[in-house]
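*Asks:* See upload-v9.pdb below, with PDB, C-alpha atoms.
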```pdb
ATOM      1  CA  MET C   1       0.000   0.000   0.000  1.00  0.00           C
ATOM      2  CA  ILE C   2       1.360   3.398  -0.987  1.00  0.00           C
ATOM      3  CA  THR C   3       2.405   5.408   2.043  1.00  0.00           C
ATOM      4  CA  ASP C   4       4.246   8.356   0.488  1.00  0.00           C
ATOM      5  CA  PRO C   5       2.000  11.414   1.006  1.00  0.00           C
ATOM      6  CA  VAL C   6       3.105  13.047  -2.258  1.00  0.00           C
ATOM      7  CA  LEU C   7       2.283   9.922  -4.277  1.00  0.00           C
ATOM      8  CA  LEU C   8      -1.102   9.715  -2.567  1.00  0.00           C
ATOM      9  CA  ARG C   9      -1.788  13.358  -3.391  1.00  0.00           C
ATOM     10  CA  ILE C  10      -0.789  12.782  -7.013  1.00  0.00           C
ATOM     11  CA  GLY C  11      -3.195   9.838  -7.226  1.00  0.00           C
ATOM     12  CA  GLU C  12      -6.100  11.820  -5.789  1.00  0.00           C
ATOM     13  CA  THR C  13      -5.439  14.736  -8.131  1.00  0.00           C
ATOM     14  CA  VAL C  14      -5.193  12.475 -11.179  1.00  0.00           C
ATOM     15  CA  LEU C  15      -8.540  10.887 -10.335  1.00  0.00           C
ATOM     16  CA  ARG C  16     -10.130  14.333 -10.273  1.00  0.00           C
ATOM     17  CA  GLY C  17      -8.421  15.167 -13.544  1.00  0.00           C
ATOM     18  CA  HIS C  18      -9.855  12.109 -15.256  1.00  0.00           C
ATOM     19  CA  ALA C  19     -13.268  12.890 -13.759  1.00  0.00           C
ATOM     20  CA  GLY C  20     -13.497  16.130 -15.721  1.00  0.00           C
ATOM     21  CA  GLU C  21     -11.355  18.540 -13.724  1.00  0.00           C
ATOM     22  CA  SER C  22      -8.314  18.250 -15.993  1.00  0.00           C
ATOM     23  CA  GLN C  23      -7.359  21.936 -15.999  1.00  0.00           C
ATOM     24  CA  GLU C  24      -7.578  22.169 -12.209  1.00  0.00           C
ATOM     25  CA  ALA C  25      -5.639  18.916 -11.842  1.00  0.00           C
ATOM     26  CA  ARG C  26      -2.896  20.137 -14.189  1.00  0.00           C
ATOM     27  CA  LEU C  27      -2.549  23.336 -12.179  1.00  0.00           C
ATOM     28  CA  GLU C  28      -2.434  21.471  -8.874  1.00  0.00           C
ATOM     29  CA  LEU C  29       0.139  18.989 -10.183  1.00  0.00           C
ATOM     30  CA  ARG C  30       2.300  21.814 -11.580  1.00  0.00           C
ATOM     31  CA  GLN C  31       2.192  23.455  -8.154  1.00  0.00           C
ATOM     32  CA  LEU C  32       3.136  20.138  -6.556  1.00  0.00           C
ATOM     33  CA  TRP C  33       6.000  19.821  -9.065  1.00  0.00           C
ATOM     34  CA  ASP C  34       7.408  23.070  -7.708  1.00  0.00           C
ATOM     35  CA  GLU C  35       6.814  21.943  -4.109  1.00  0.00           C
ATOM     36  CA  ILE C  36       8.847  18.757  -4.555  1.00  0.00           C
ATOM     37  CA  GLY C  37      11.757  20.650  -6.109  1.00  0.00           C
ATOM     38  CA  GLY C  38      11.026  20.102  -9.796  1.00  0.00           C
ATOM     39  CA  ASP C  39      13.801  18.333 -11.655  1.00  0.00           C
ATOM     40  CA  SER C  40      15.849  18.031  -8.466  1.00  0.00           C
ATOM     41  CA  GLY C  41      13.159  16.461  -6.280  1.00  0.00           C
ATOM     42  CA  ASP C  42      12.782  12.860  -5.143  1.00  0.00           C
ATOM     43  CA  PRO C  43      13.057  10.667  -8.264  1.00  0.00           C
ATOM     44  CA  LEU C  44      10.009   8.475  -7.530  1.00  0.00           C
ATOM     45  CA  GLN C  45       7.862  11.525  -6.847  1.00  0.00           C
ATOM     46  CA  ARG C  46       9.202  13.265  -9.982  1.00  0.00           C
ATOM     47  CA  CYS C  47       8.623  10.197 -12.139  1.00  0.00           C
ATOM     48  CA  THR C  48       5.089   9.670 -10.882  1.00  0.00           C
ATOM     49  CA  LEU C  49       4.203  13.335 -11.081  1.00  0.00           C
ATOM     50  CA  ALA C  50       5.654  13.884 -14.560  1.00  0.00           C
ATOM     51  CA  HIS C  51       4.032  10.694 -15.864  1.00  0.00           C
ATOM     52  CA  SER C  52       0.706  11.822 -14.404  1.00  0.00           C
ATOM     53  CA  LEU C  53       1.030  15.332 -15.784  1.00  0.00           C
ATOM     54  CA  ALA C  54       1.753  13.884 -19.206  1.00  0.00           C
ATOM     55  CA  ASP C  55      -1.560  12.035 -19.157  1.00  0.00           C
ATOM     56  CA  LEU C  56      -3.444  15.265 -18.486  1.00  0.00           C
ATOM     57  CA  GLN C  57      -1.947  17.283 -21.341  1.00  0.00           C
ATOM     58  CA  GLY C  58      -4.024  18.245 -24.354  1.00  0.00           C
ATOM     59  CA  ASP C  59      -1.050  18.762 -26.645  1.00  0.00           C
ATOM     60  CA  PRO C  60       1.010  15.674 -27.602  1.00  0.00           C
ATOM     61  CA  ALA C  61       4.241  17.726 -27.584  1.00  0.00           C
ATOM     62  CA  ASP C  62       3.583  18.771 -23.978  1.00  0.00           C
ATOM     63  CA  GLU C  63       2.684  15.181 -23.126  1.00  0.00           C
ATOM     64  CA  LEU C  64       5.974  14.010 -24.634  1.00  0.00           C
ATOM     65  CA  ALA C  65       7.991  16.557 -22.662  1.00  0.00           C
ATOM     66  CA  TRP C  66       6.482  15.373 -19.364  1.00  0.00           C
ATOM     67  CA  ASP C  67       6.907  11.696 -20.228  1.00  0.00           C
ATOM     68  CA  LEU C  68      10.568  12.287 -21.071  1.00  0.00           C
ATOM     69  CA  ARG C  69      10.992  13.945 -17.667  1.00  0.00           C
ATOM     70  CA  ALA C  70       9.377  10.879 -16.086  1.00  0.00           C
ATOM     71  CA  LEU C  71      11.778   8.582 -17.946  1.00  0.00           C
ATOM     72  CA  THR C  72      14.776  10.632 -16.813  1.00  0.00           C
ATOM     73  CA  ALA C  73      13.617  10.413 -13.199  1.00  0.00           C
ATOM     74  CA  ALA C  74      12.965   6.669 -13.508  1.00  0.00           C
ATOM     75  CA  ALA C  75      16.655   6.076 -14.159  1.00  0.00           C
ATOM     76  CA  GLU C  76      17.350   7.215 -10.579  1.00  0.00           C
ATOM     77  CA  ILE C  77      14.723   5.028  -8.886  1.00  0.00           C
ATOM     78  CA  THR C  78      15.764   1.911  -7.019  1.00  0.00           C
ATOM     79  CA  ASP C  79      13.740  -0.883  -5.470  1.00  0.00           C
ATOM     80  CA  GLU C  80      14.548   0.754  -2.133  1.00  0.00           C
ATOM     81  CA  HIS C  81      12.744   3.927  -3.303  1.00  0.00           C
ATOM     82  CA  THR C  82       9.622   2.031  -4.277  1.00  0.00           C
ATOM     83  CA  ALA C  83       9.604  -0.075  -1.100  1.00  0.00           C
ATOM     84  CA  ARG C  84      10.087   2.958   1.131  1.00  0.00           C
ATOM     85  CA  ALA C  85       7.102   4.657  -0.550  1.00  0.00           C
ATOM     86  CA  GLY C  86       4.915   1.584  -0.158  1.00  0.00           C
ATOM     87  CA  VAL C  87       4.840   0.875  -3.899  1.00  0.00           C
ATOM     88  CA  GLU C  88       4.456  -2.869  -4.335  1.00  0.00           C
ATOM     89  CA  LEU C  89       6.339  -2.992  -7.628  1.00  0.00           C
ATOM     90  CA  PRO C  90      10.060  -3.132  -8.327  1.00  0.00           C
ATOM     91  CA  ALA C  91      11.566  -0.059  -9.960  1.00  0.00           C
ATOM     92  CA  ALA C  92      11.919  -1.959 -13.253  1.00  0.00           C
ATOM     93  CA  ALA C  93       8.132  -2.313 -13.437  1.00  0.00           C
ATOM     94  CA  LEU C  94       7.826   1.436 -14.026  1.00  0.00           C
ATOM     95  CA  TYR C  95       9.352   1.189 -17.483  1.00  0.00           C
ATOM     96  CA  PRO C  96       6.658  -0.601 -19.527  1.00  0.00           C
ATOM     97  CA  SER C  97       4.129   2.167 -18.874  1.00  0.00           C
ATOM     98  CA  LEU C  98       6.687   4.906 -19.484  1.00  0.00           C
ATOM     99  CA  TYR C  99       7.823   3.349 -22.753  1.00  0.00           C
ATOM    100  CA  LEU C 100       4.244   2.712 -23.850  1.00  0.00           C
ATOM    101  CA  ASN C 101       3.279   6.329 -23.242  1.00  0.00           C
ATOM    102  CA  LEU C 102       6.322   7.519 -25.180  1.00  0.00           C
ATOM    103  CA  ALA C 103       5.394   5.225 -28.074  1.00  0.00           C
ATOM    104  CA  GLU C 104       1.904   6.708 -28.071  1.00  0.00           C
ATOM    105  CA  CYS C 105       3.255  10.271 -27.942  1.00  0.00           C
ATOM    106  CA  TYR C 106       5.507   9.704 -30.913  1.00  0.00           C
ATOM    107  CA  ARG C 107       2.652   8.023 -32.795  1.00  0.00           C
ATOM    108  CA  LYS C 108       0.406  11.046 -32.186  1.00  0.00           C
ATOM    109  CA  LEU C 109       3.211  13.369 -33.267  1.00  0.00           C
ATOM    110  CA  GLY C 110       3.575  11.520 -36.574  1.00  0.00           C
ATOM    111  CA  ASP C 111       6.903   9.824 -35.851  1.00  0.00           C
ATOM    112  CA  PRO C 112       6.150   6.104 -36.329  1.00  0.00           C
ATOM    113  CA  GLY C 113       9.844   5.161 -36.283  1.00  0.00           C
ATOM    114  CA  ARG C 114      10.386   6.510 -32.768  1.00  0.00           C
ATOM    115  CA  ALA C 115       7.006   5.117 -31.740  1.00  0.00           C
ATOM    116  CA  ARG C 116       8.093   1.641 -32.832  1.00  0.00           C
ATOM    117  CA  GLU C 117      11.396   2.003 -30.934  1.00  0.00           C
ATOM    118  CA  TYR C 118       9.535   2.684 -27.697  1.00  0.00           C
ATOM    119  CA  LEU C 119       6.999  -0.021 -28.458  1.00  0.00           C
ATOM    120  CA  ALA C 120       9.900  -2.487 -28.739  1.00  0.00           C
ATOM    121  CA  LEU C 121      11.199  -1.278 -25.367  1.00  0.00           C
ATOM    122  CA  THR C 122       7.724  -1.824 -23.927  1.00  0.00           C
ATOM    123  CA  ARG C 123       7.748  -5.404 -25.209  1.00  0.00           C
ATOM    124  CA  ASP C 124      11.245  -5.936 -23.806  1.00  0.00           C
ATOM    125  CA  THR C 125      10.196  -4.828 -20.311  1.00  0.00           C
ATOM    126  CA  ILE C 126       6.585  -6.041 -20.101  1.00  0.00           C
ATOM    127  CA  GLY C 127       7.743  -9.190 -18.282  1.00  0.00           C
ATOM    128  CA  THR C 128       8.416  -7.099 -15.173  1.00  0.00           C
ATOM    129  CA  LEU C 129       4.651  -6.747 -14.691  1.00  0.00           C
ATOM    130  CA  GLY C 130       2.467  -9.226 -12.908  1.00  0.00           C
ATOM    131  CA  ASP C 131      -0.640 -10.972 -14.138  1.00  0.00           C
ATOM    132  CA  ASP C 132      -2.856  -8.456 -12.413  1.00  0.00           C
ATOM    133  CA  GLU C 133      -5.154  -5.608 -13.404  1.00  0.00           C
ATOM    134  CA  TYR C 134      -2.286  -3.140 -13.861  1.00  0.00           C
ATOM    135  CA  GLY C 135      -0.260  -5.578 -15.954  1.00  0.00           C
ATOM    136  CA  GLU C 136      -3.279  -6.296 -18.137  1.00  0.00           C
ATOM    137  CA  LEU C 137      -3.929  -2.569 -18.585  1.00  0.00           C
ATOM    138  CA  ILE C 138      -0.406  -2.066 -19.940  1.00  0.00           C
ATOM    139  CA  ARG C 139      -0.618  -5.197 -22.114  1.00  0.00           C
ATOM    140  CA  ASP C 140      -3.914  -3.937 -23.590  1.00  0.00           C
ATOM    141  CA  GLY C 141      -2.286  -0.576 -24.268  1.00  0.00           C
ATOM    142  CA  LEU C 142       0.625  -2.306 -25.953  1.00  0.00           C
ATOM    143  CA  ARG C 143      -1.741  -4.194 -28.270  1.00  0.00           C
ATOM    144  CA  THR C 144      -3.700  -1.028 -29.063  1.00  0.00           C
ATOM    145  CA  VAL C 145      -0.671   1.084 -29.929  1.00  0.00           C
ATOM    146  CA  ALA C 146       0.841  -1.771 -31.954  1.00  0.00           C
ATOM    147  CA  GLU C 147      -2.397  -2.054 -33.971  1.00  0.00           C
ATOM    148  CA  GLN C 148      -2.465   1.693 -34.563  1.00  0.00           C
ATOM    149  CA  LEU C 149       1.140   1.641 -35.736  1.00  0.00           C
ATOM    150  CA  ASP C 150       0.440  -1.297 -38.048  1.00  0.00           C
ATOM    151  CA  GLY C 151      -2.092   0.942 -39.788  1.00  0.00           C
ATOM    152  CA  ILE C 152       0.526   3.570 -40.590  1.00  0.00           C
TER     153      ILE C 152
END
```
What is this file in structure tokens?
*Replies:*
Amino acid sequence: MITDPVLLRIGETVLRGHAGESQEARLELRQLWDEIGGDSGDPLQRCTLAHSLADLQGDPADELAWDLRALTAAAEITDEHTARAGVELPAAALYPSLYLNLAECYRKLGDPGRAREYLALTRDTIGTLGDDEYGELIRDGLRTVAEQLDGI
């Protein structure tokens, strides 16, 4: 169970964002980004926050910028970080979702080559996920993006 108060706050804000309050959620998450120290804050908090902010962007270029920040932060996360925050996944399990979102960003931006590169990285790391609801969500996303890229 997640115990890190910043991660919990991110989750609550994201839920509101997906429930129709996307502009308010974006503003609150941007404020939280500043509160945690931006690019110099805790890597797990930065990764989660940037990844969440990416999902709430209306412009694919802005989405890409936030997802790239999340990927940069992910490189600093260890299993100790995730355990200390109460995240029940190893640090490596963060990558399939990050790569999948980057593949989707590049697809939306009209760069199928880069999209396929990140889709391959998603496939390479998908084994870090369990056979649970979250793992299935990412696997479904992988199939969807792959199908969309096959149509290009």
*Asks:* Around (14.2, 14.1, -4.7) in the file's own coordinates, what residues are found within 12 Å if you use all atoms listed in the file, given back as a list in words?
*Replies:*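 Every residue inside that radius is included here: Val6, Trp33, Asp34, Glu35, Ile36, Gly37, Gly38, Asp39, Ser40, Gly41, Asp42, Pro43, Leu44, Gln45, Arg46, Cys47, Thr48, Leu49, Ala73, Ala74, Glu76, Ile77 and His81 of chain C.
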*Asks:* For each of C:Glu28, C:Leu149, C:Met1, C:Leu7, take the minimum atom-to-atom distance to Asp111 in chain C, counting all atoms listed in the file, then give the residue where this is smallest.
*Replies:*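 Nearest candidate to Asp111 in chain C out of C:Glu28, C:Leu149, C:Met1, C:Leu7: C:Leu149.
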*Asks:* Under the rule that only C-alpha atoms are counted, which of C:Ala70, C:Leu129, C:Leu119, C:Leu29 is the nearest residue to Gly141 in chain C?
*Replies:*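 Checking each candidate against Gly141 in chain C, we get C:Leu119 as the closest.
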*Asks:* Mind giving me the straight-line distance from CA of Thr128 in chain C to CA of Ala92 in chain C in Å, one decimal?
*Replies:* 6.5 Å
*Asks:* Using 10 Å as the limit and counting all atoms listed in the file, can you tabulate each residue of range 50-105 of chain C that touches range 13-19 of chain C, with its shortest atom-to-atom distance in Å and the two atoms involved, as a tab-separated table?
*Replies:*
```
residue	atom	partner	partner_atom	distance
C:Ser52	CA	C:Val14	CA	6.8
C:Leu53	CA	C:Val14	CA	8.3
C:Asp55	CA	C:Val14	CA	8.8
C:Leu56	CA	C:Gly17	CA	7.0
```
*Asks:* Kindly save the residues from that selection, with C-alpha atoms included, as a PDB file, keeping the file's coordinate frame.
*Replies:*
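This is the output file result27.pdb:
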```pdb
ATOM      1  CA  SER C  52       0.706  11.822 -14.404  1.00  0.00           C
ATOM      2  CA  LEU C  53       1.030  15.332 -15.784  1.00  0.00           C
ATOM      3  CA  ASP C  55      -1.560  12.035 -19.157  1.00  0.00           C
ATOM      4  CA  LEU C  56      -3.444  15.265 -18.486  1.00  0.00           C
TER       5      LEU C  56
END
```
*Asks:* Please put the answer as JSON: centre and edge lengths, in Å with one decimal, of a box along x, y and z that encloses all listed atoms of range 16-29 of chain C plus 6 Å on each side.
*Replies:*
```
{"center_x": -6.7, "center_y": 17.7, "center_z": -12.4, "size_x": 25.6, "size_y": 23.2, "size_z": 19.1}
```
*Asks:* Exactly which residues make up the result of the PyMOL selection byres ((chain C and resi 57) around 12) on this file, given as a count of residues only?
*Replies:* 29
*Asks:* What does the structure give for the distance between CA of Leu71 in chain C and CA of Glu104 in chain C, in Å to one decimal?
*Replies:*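 Separating CA of Leu71 in chain C from CA of Glu104 in chain C is a distance of 14.3 Å.
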*Asks:* Please report the interatomic distance between CA of Pro90 in chain C and CA of Gly130 in chain C in Å with one decimal.
*Replies:*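 Distance between the two atoms: 10.8 Å.
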